[in-house]
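Data block for data11.pdb (PDB, C-alpha atoms and all ligand atoms):
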```
MODEL        1
ATOM      1  CA  MET A1275      31.290  -2.613   6.924  1.00  0.00           C
ATOM      2  CA  GLU A1276      33.324  -4.790   9.286  1.00  0.00           C
ATOM      3  CA  LYS A1277      31.243  -7.092  11.497  1.00  0.00           C
ATOM      4  CA  VAL A1278      33.522  -6.958  14.517  1.00  0.00           C
ATOM      5  CA  HIS A1279      35.331  -3.810  15.538  1.00  0.00           C
ATOM      6  CA  VAL A1280      38.104  -4.095  18.118  1.00  0.00           C
ATOM      7  CA  GLU A1281      39.044  -0.828  19.761  1.00  0.00           C
ATOM      8  CA  VAL A1282      42.717  -1.667  19.475  1.00  0.00           C
ATOM      9  CA  ASN A1283      44.115   0.606  22.161  1.00  0.00           C
ATOM     10  CA  ARG A1284      41.560  -0.579  24.704  1.00  0.00           C
ATOM     11  CA  CYS A1285      42.442  -4.259  24.255  1.00  0.00           C
ATOM     12  CA  LYS A1286      44.692  -5.877  26.858  1.00  0.00           C
ATOM     13  CA  GLY A1287      45.453  -8.969  24.789  1.00  0.00           C
ATOM     14  CA  CYS A1288      43.911 -11.426  27.262  1.00  0.00           C
ATOM     15  CA  GLY A1289      42.871 -13.730  24.410  1.00  0.00           C
ATOM     16  CA  LEU A1290      39.403 -14.556  25.785  1.00  0.00           C
ATOM     17  CA  CYS A1291      37.677 -13.474  22.603  1.00  0.00           C
ATOM     18  CA  VAL A1292      40.128 -15.538  20.525  1.00  0.00           C
ATOM     19  CA  GLU A1293      39.540 -18.604  22.682  1.00  0.00           C
ATOM     20  CA  PHE A1294      35.761 -18.386  22.718  1.00  0.00           C
ATOM     21  CA  CYS A1295      35.006 -17.426  19.121  1.00  0.00           C
ATOM     22  CA  PRO A1296      33.102 -20.468  17.809  1.00  0.00           C
ATOM     23  CA  ARG A1297      34.177 -19.679  14.233  1.00  0.00           C
ATOM     24  CA  HIS A1298      37.887 -19.218  15.026  1.00  0.00           C
ATOM     25  CA  CYS A1299      38.056 -15.928  13.225  1.00  0.00           C
ATOM     26  CA  LEU A1300      39.925 -13.889  15.829  1.00  0.00           C
ATOM     27  CA  GLU A1301      43.637 -13.818  16.586  1.00  0.00           C
ATOM     28  CA  LEU A1302      46.093 -11.689  18.528  1.00  0.00           C
ATOM     29  CA  ALA A1303      48.113  -9.358  16.327  1.00  0.00           C
ATOM     30  CA  ALA A1304      51.907  -9.662  16.246  1.00  0.00           C
ATOM     31  CA  GLU A1305      52.332  -5.931  16.759  1.00  0.00           C
ATOM     32  CA  LEU A1306      51.760  -4.092  20.045  1.00  0.00           C
ATOM     33  CA  ASN A1307      49.105  -1.478  20.669  1.00  0.00           C
ATOM     34  CA  ALA A1308      49.646   1.880  22.375  1.00  0.00           C
ATOM     35  CA  ILE A1309      49.448   0.350  25.853  1.00  0.00           C
ATOM     36  CA  GLY A1310      51.863  -2.496  25.147  1.00  0.00           C
ATOM     37  CA  TYR A1311      49.552  -5.443  24.441  1.00  0.00           C
ATOM     38  CA  HIS A1312      49.016  -7.635  21.379  1.00  0.00           C
ATOM     39  CA  PRO A1313      45.454  -6.662  20.411  1.00  0.00           C
ATOM     40  CA  ALA A1314      42.816  -8.979  19.012  1.00  0.00           C
ATOM     41  CA  ARG A1315      41.815  -8.680  15.383  1.00  0.00           C
ATOM     42  CA  ASN A1316      39.360 -10.385  13.107  1.00  0.00           C
ATOM     43  CA  HIS A1317      41.502 -12.220  10.570  1.00  0.00           C
ATOM     44  CA  ASP A1318      38.697 -14.131   8.869  1.00  0.00           C
ATOM     45  CA  ALA A1319      35.700 -11.828   8.646  1.00  0.00           C
ATOM     46  CA  GLU A1320      33.975 -14.107   6.132  1.00  0.00           C
ATOM     47  CA  LYS A1321      33.428 -16.757   8.790  1.00  0.00           C
ATOM     48  CA  CYS A1322      32.089 -14.345  11.445  1.00  0.00           C
ATOM     49  CA  THR A1323      28.379 -14.783  12.175  1.00  0.00           C
ATOM     50  CA  SER A1324      28.076 -11.619  14.329  1.00  0.00           C
ATOM     51  CA  CYS A1325      27.082 -13.839  17.261  1.00  0.00           C
ATOM     52  CA  ALA A1326      28.596 -11.302  19.692  1.00  0.00           C
ATOM     53  CA  LEU A1327      30.120 -13.913  21.983  1.00  0.00           C
ATOM     54  CA  CYS A1328      33.487 -12.183  21.704  1.00  0.00           C
ATOM     55  CA  ALA A1329      31.983  -8.858  22.741  1.00  0.00           C
ATOM     56  CA  ASP A1330      30.227 -10.533  25.681  1.00  0.00           C
ATOM     57  CA  MET A1331      33.489 -12.144  26.813  1.00  0.00           C
ATOM     58  CA  CYS A1332      35.680  -9.055  26.576  1.00  0.00           C
ATOM     59  CA  PRO A1333      36.398  -7.692  30.063  1.00  0.00           C
ATOM     60  CA  GLU A1334      37.531  -4.380  28.583  1.00  0.00           C
ATOM     61  CA  GLY A1335      34.440  -3.690  26.488  1.00  0.00           C
ATOM     62  CA  ALA A1336      36.750  -3.301  23.502  1.00  0.00           C
ATOM     63  CA  ILE A1337      34.604  -5.135  20.930  1.00  0.00           C
ATOM     64  CA  THR A1338      31.622  -3.766  19.051  1.00  0.00           C
ATOM     65  CA  ILE A1339      29.475  -5.904  16.751  1.00  0.00           C
ATOM     66  CA  HIS A1340      27.856  -4.482  13.645  1.00  0.00           C
ATOM     67  CA  ARG A1341      24.879  -6.389  12.344  1.00  0.00           C
ATOM     68  CA  LYS A1342      23.217  -5.813   9.019  1.00  0.00           C
ATOM     69  CA  LYS A1343      19.700  -4.497   9.316  1.00  0.00           C
ATOM     70  CA  ARG A1344      17.141  -6.864   7.894  1.00  0.00           C
ATOM     71  CA  SER A1345      15.204  -5.420   5.004  1.00  0.00           C
ATOM     72  CA  LYS A1346      11.474  -5.387   5.460  1.00  0.00           C
ATOM     73  CA  SER A1347       9.444  -7.496   3.092  1.00  0.00           C
ATOM     74  CA  ALA A1348       6.373  -5.984   1.540  1.00  0.00           C
TER
HETATM   75  S1  LIG B1401      30.902 -12.169  16.571  1.00  0.00           S
HETATM   76 FE1  LIG B1401      30.990 -14.403  17.033  1.00  0.00          FE
HETATM   77  S2  LIG B1401      31.795 -15.325  15.149  1.00  0.00           S
HETATM   78 FE2  LIG B1401      32.223 -13.135  15.014  1.00  0.00          FE
HETATM   79  S3  LIG B1401      34.323 -12.877  15.823  1.00  0.00           S
HETATM   80 FE3  LIG B1401      32.876 -12.598  17.544  1.00  0.00          FE
HETATM   81  S4  LIG B1401      32.661 -14.590  18.529  1.00  0.00           S
HETATM   82 FE4  LIG B1401      33.558 -14.900  16.479  1.00  0.00          FE
HETATM   83  S1  LIG B1402      38.674 -10.206  25.137  1.00  0.00           S
HETATM   84 FE1  LIG B1402      38.902  -7.976  24.853  1.00  0.00          FE
HETATM   85  S2  LIG B1402      40.779  -7.443  25.967  1.00  0.00           S
HETATM   86 FE2  LIG B1402      40.797  -9.665  25.669  1.00  0.00          FE
HETATM   87  S3  LIG B1402      41.964  -9.968  23.729  1.00  0.00           S
HETATM   88 FE3  LIG B1402      39.774  -9.861  23.196  1.00  0.00          FE
HETATM   89  S4  LIG B1402      39.416  -7.678  22.670  1.00  0.00           S
HETATM   90 FE4  LIG B1402      41.336  -7.811  23.819  1.00  0.00          FE
ENDMDL
END
```

In structure tokens, write the structure found in this file.
Ligand code: SF4
Ligand code: SF4
Amino acid sequence: MEKVHVEVNRCKGCGLCVEFCPRHCLELAAELNAIGYHPARNHDAEKCTSCALCADMCPEGAITIHRKKRSKSA
């Protein structure tokens, strides 16, 4: 499952998430979304730590973070 989900057509391409990602794994796409902005996308999912800073920064609430559930030890 992807760690960071950007709701593409909600994104206004402000670039805040790209700027603040400490792992530099976000970028703005070359193509436009349905409302005429270049949406953010996670181009390097391997580096993402699911820290959620990008989701906290997004003024549009367009980013959702998926974290793996920790397995319980016996
Ligand atoms: S969750 Fe953290 S590491 Fe992953 S894309 Fe967002 S800001 Fe970057
Ligand atoms: S902070 Fe939100 S609106 Fe701005 S580029 Fe990132 S996903 Fe899009």

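For the file shown, the residue list from the PyMOL selection byres (((chain A and resi 1295) around 10) and not hetatm) reads A:Leu1290, A:Cys1291, A:Val1292, A:Glu1293, A:Phe1294, A:Pro1296, A:Arg1297, A:His1298, A:Cys1299, A:Leu1300, A:Glu1301, A:Cys1322, A:Thr1323, A:Cys1325, A:Ala1326, A:Leu1327, A:Cys1328, A:Ala1329, A:Met1331.
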
Enclose segment 1323-1330 of chain A, meaning all of its atoms listed in the file, in a box aligned along x, y and z, pad it by 6 Å on each side, and list the centre and edge lengths in Å to one decimal, as lines of an AutoDock Vina configuration file.
```
center_x = 30.3
center_y = -11.8
center_z = 18.9
size_x = 18.4
size_y = 17.9
size_z = 25.5
```

Test item: residues at most 12 Å from Ala1303 of chain A, only C-alpha atoms, excluding those fewer than 3 positions along its chain, as number ranges by chain: A: 1280, 1282, 1285-1289, 1292, 1300, 1306-1307, 1310-1317

Save out the residues we just selected, C-alpha atoms, as a short mmCIF file (atom, residue, chain, number, x, y, z; two decimals), in the coordinates of the input.
```
data_model
loop_
_atom_site.label_atom_id
_atom_site.label_comp_id
_atom_site.auth_asym_id
_atom_site.auth_seq_id
_atom_site.Cartn_x
_atom_site.Cartn_y
_atom_site.Cartn_z
CA VAL A 1280 38.10 -4.10 18.12
CA VAL A 1282 42.72 -1.67 19.48
CA CYS A 1285 42.44 -4.26 24.26
CA LYS A 1286 44.69 -5.88 26.86
CA GLY A 1287 45.45 -8.97 24.79
CA CYS A 1288 43.91 -11.43 27.26
CA GLY A 1289 42.87 -13.73 24.41
CA VAL A 1292 40.13 -15.54 20.52
CA LEU A 1300 39.92 -13.89 15.83
CA LEU A 1306 51.76 -4.09 20.05
CA ASN A 1307 49.10 -1.48 20.67
CA GLY A 1310 51.86 -2.50 25.15
CA TYR A 1311 49.55 -5.44 24.44
CA HIS A 1312 49.02 -7.64 21.38
CA PRO A 1313 45.45 -6.66 20.41
CA ALA A 1314 42.82 -8.98 19.01
CA ARG A 1315 41.82 -8.68 15.38
CA ASN A 1316 39.36 -10.38 13.11
CA HIS A 1317 41.50 -12.22 10.57
#
```

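If you look at atom CA of Asn1283 of chain A and atom CA of Ile1309 of chain A, they are 6.5 Å away from each other.
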
Chain and number of each residue from the PyMOL selection byres (((chain A and resi 1275) around 9) and not hetatm), as a list of chain:residue names: A:Glu1276, A:Lys1277, A:His1340, A:Lys1342

Coordinates-based distance that separates atom CA of Arg1284 of chain A from atom FE3 of ligand LIG 1401 (chain B) (Å, one decimal):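 Distance between the two atoms: 16.5 Å.
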
Separation of atom CA of Ala1319 of chain A from atom FE2 of ligand LIG 1402 (chain B) in Å: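 Atom CA of Ala1319 of chain A lies at a distance of 17.9 Å from atom FE2 of ligand LIG 1402 (chain B).
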
Among the residues A:Glu1281, A:Cys1332, A:Ile1339, A:Leu1302, the one that comes closest to ligand LIG 1401 (chain B) [using all atoms listed in the file]: A:Ile1339

Of the listed residues A:Ala1336, A:Ala1304, A:Ser1324, A:Asp1318, that which approaches ligand LIG 1401 (chain B) most closely, counting all atoms listed in the file: A:Ser1324

Starting from the sparse input, extend segment 1318-1341 of chain A to N, CA and C atoms and give the output as a PDB file, in the frame of the given file.
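Done, and the output landed in part.pdb:
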```pdb
ATOM      1  N   ASP A1318      39.488 -13.374   9.841  1.00  0.00           N
ATOM      2  CA  ASP A1318      38.697 -14.131   8.869  1.00  0.00           C
ATOM      3  C   ASP A1318      37.241 -13.676   8.942  1.00  0.00           C
ATOM      4  N   ALA A1319      37.015 -12.454   8.517  1.00  0.00           N
ATOM      5  CA  ALA A1319      35.700 -11.828   8.646  1.00  0.00           C
ATOM      6  C   ALA A1319      34.604 -12.603   7.923  1.00  0.00           C
ATOM      7  N   GLU A1320      34.975 -13.345   6.884  1.00  0.00           N
ATOM      8  CA  GLU A1320      33.975 -14.107   6.132  1.00  0.00           C
ATOM      9  C   GLU A1320      33.258 -15.138   6.999  1.00  0.00           C
ATOM     10  N   LYS A1321      33.995 -15.697   7.952  1.00  0.00           N
ATOM     11  CA  LYS A1321      33.428 -16.757   8.790  1.00  0.00           C
ATOM     12  C   LYS A1321      32.585 -16.212   9.942  1.00  0.00           C
ATOM     13  N   CYS A1322      32.760 -14.937  10.279  1.00  0.00           N
ATOM     14  CA  CYS A1322      32.089 -14.345  11.445  1.00  0.00           C
ATOM     15  C   CYS A1322      30.576 -14.316  11.236  1.00  0.00           C
ATOM     16  N   THR A1323      29.840 -14.758  12.254  1.00  0.00           N
ATOM     17  CA  THR A1323      28.379 -14.783  12.175  1.00  0.00           C
ATOM     18  C   THR A1323      27.740 -13.634  12.971  1.00  0.00           C
ATOM     19  N   SER A1324      28.558 -12.737  13.491  1.00  0.00           N
ATOM     20  CA  SER A1324      28.076 -11.619  14.329  1.00  0.00           C
ATOM     21  C   SER A1324      27.341 -12.117  15.566  1.00  0.00           C
ATOM     22  N   CYS A1325      27.782 -13.247  16.108  1.00  0.00           N
ATOM     23  CA  CYS A1325      27.082 -13.839  17.261  1.00  0.00           C
ATOM     24  C   CYS A1325      27.266 -13.022  18.529  1.00  0.00           C
ATOM     25  N   ALA A1326      28.312 -12.209  18.576  1.00  0.00           N
ATOM     26  CA  ALA A1326      28.596 -11.302  19.692  1.00  0.00           C
ATOM     27  C   ALA A1326      29.174 -11.974  20.930  1.00  0.00           C
ATOM     28  N   LEU A1327      29.519 -13.242  20.832  1.00  0.00           N
ATOM     29  CA  LEU A1327      30.120 -13.913  21.983  1.00  0.00           C
ATOM     30  C   LEU A1327      31.423 -13.228  22.383  1.00  0.00           C
ATOM     31  N   CYS A1328      32.211 -12.839  21.401  1.00  0.00           N
ATOM     32  CA  CYS A1328      33.487 -12.183  21.704  1.00  0.00           C
ATOM     33  C   CYS A1328      33.262 -10.883  22.474  1.00  0.00           C
ATOM     34  N   ALA A1329      32.275 -10.117  22.057  1.00  0.00           N
ATOM     35  CA  ALA A1329      31.983  -8.858  22.741  1.00  0.00           C
ATOM     36  C   ALA A1329      31.498  -9.115  24.162  1.00  0.00           C
ATOM     37  N   ASP A1330      30.712 -10.184  24.342  1.00  0.00           N
ATOM     38  CA  ASP A1330      30.227 -10.533  25.681  1.00  0.00           C
ATOM     39  C   ASP A1330      31.376 -10.964  26.584  1.00  0.00           C
ATOM     40  N   MET A1331      32.374 -11.633  26.024  1.00  0.00           N
ATOM     41  CA  MET A1331      33.489 -12.144  26.813  1.00  0.00           C
ATOM     42  C   MET A1331      34.484 -11.057  27.194  1.00  0.00           C
ATOM     43  N   CYS A1332      34.592 -10.031  26.393  1.00  0.00           N
ATOM     44  CA  CYS A1332      35.680  -9.055  26.576  1.00  0.00           C
ATOM     45  C   CYS A1332      35.525  -8.264  27.874  1.00  0.00           C
ATOM     46  N   PRO A1333      36.489  -8.402  28.793  1.00  0.00           N
ATOM     47  CA  PRO A1333      36.398  -7.692  30.063  1.00  0.00           C
ATOM     48  C   PRO A1333      36.663  -6.191  29.932  1.00  0.00           C
ATOM     49  N   GLU A1334      37.195  -5.794  28.780  1.00  0.00           N
ATOM     50  CA  GLU A1334      37.531  -4.380  28.583  1.00  0.00           C
ATOM     51  C   GLU A1334      36.472  -3.635  27.773  1.00  0.00           C
ATOM     52  N   GLY A1335      35.466  -4.341  27.318  1.00  0.00           N
ATOM     53  CA  GLY A1335      34.440  -3.690  26.488  1.00  0.00           C
ATOM     54  C   GLY A1335      35.027  -3.119  25.205  1.00  0.00           C
ATOM     55  N   ALA A1336      36.020  -3.832  24.658  1.00  0.00           N
ATOM     56  CA  ALA A1336      36.750  -3.301  23.502  1.00  0.00           C
ATOM     57  C   ALA A1336      36.159  -3.724  22.166  1.00  0.00           C
ATOM     58  N   ILE A1337      35.132  -4.593  22.193  1.00  0.00           N
ATOM     59  CA  ILE A1337      34.604  -5.135  20.930  1.00  0.00           C
ATOM     60  C   ILE A1337      33.179  -4.645  20.681  1.00  0.00           C
ATOM     61  N   THR A1338      32.960  -4.186  19.486  1.00  0.00           N
ATOM     62  CA  THR A1338      31.622  -3.766  19.051  1.00  0.00           C
ATOM     63  C   THR A1338      31.227  -4.625  17.857  1.00  0.00           C
ATOM     64  N   ILE A1339      29.985  -5.088  17.856  1.00  0.00           N
ATOM     65  CA  ILE A1339      29.475  -5.904  16.751  1.00  0.00           C
ATOM     66  C   ILE A1339      28.547  -5.058  15.892  1.00  0.00           C
ATOM     67  N   HIS A1340      28.746  -5.173  14.591  1.00  0.00           N
ATOM     68  CA  HIS A1340      27.856  -4.482  13.645  1.00  0.00           C
ATOM     69  C   HIS A1340      27.048  -5.539  12.914  1.00  0.00           C
ATOM     70  N   ARG A1341      25.755  -5.446  13.057  1.00  0.00           N
ATOM     71  CA  ARG A1341      24.879  -6.389  12.344  1.00  0.00           C
ATOM     72  C   ARG A1341      24.171  -5.659  11.221  1.00  0.00           C
TER      73      ARG A1341
END
```
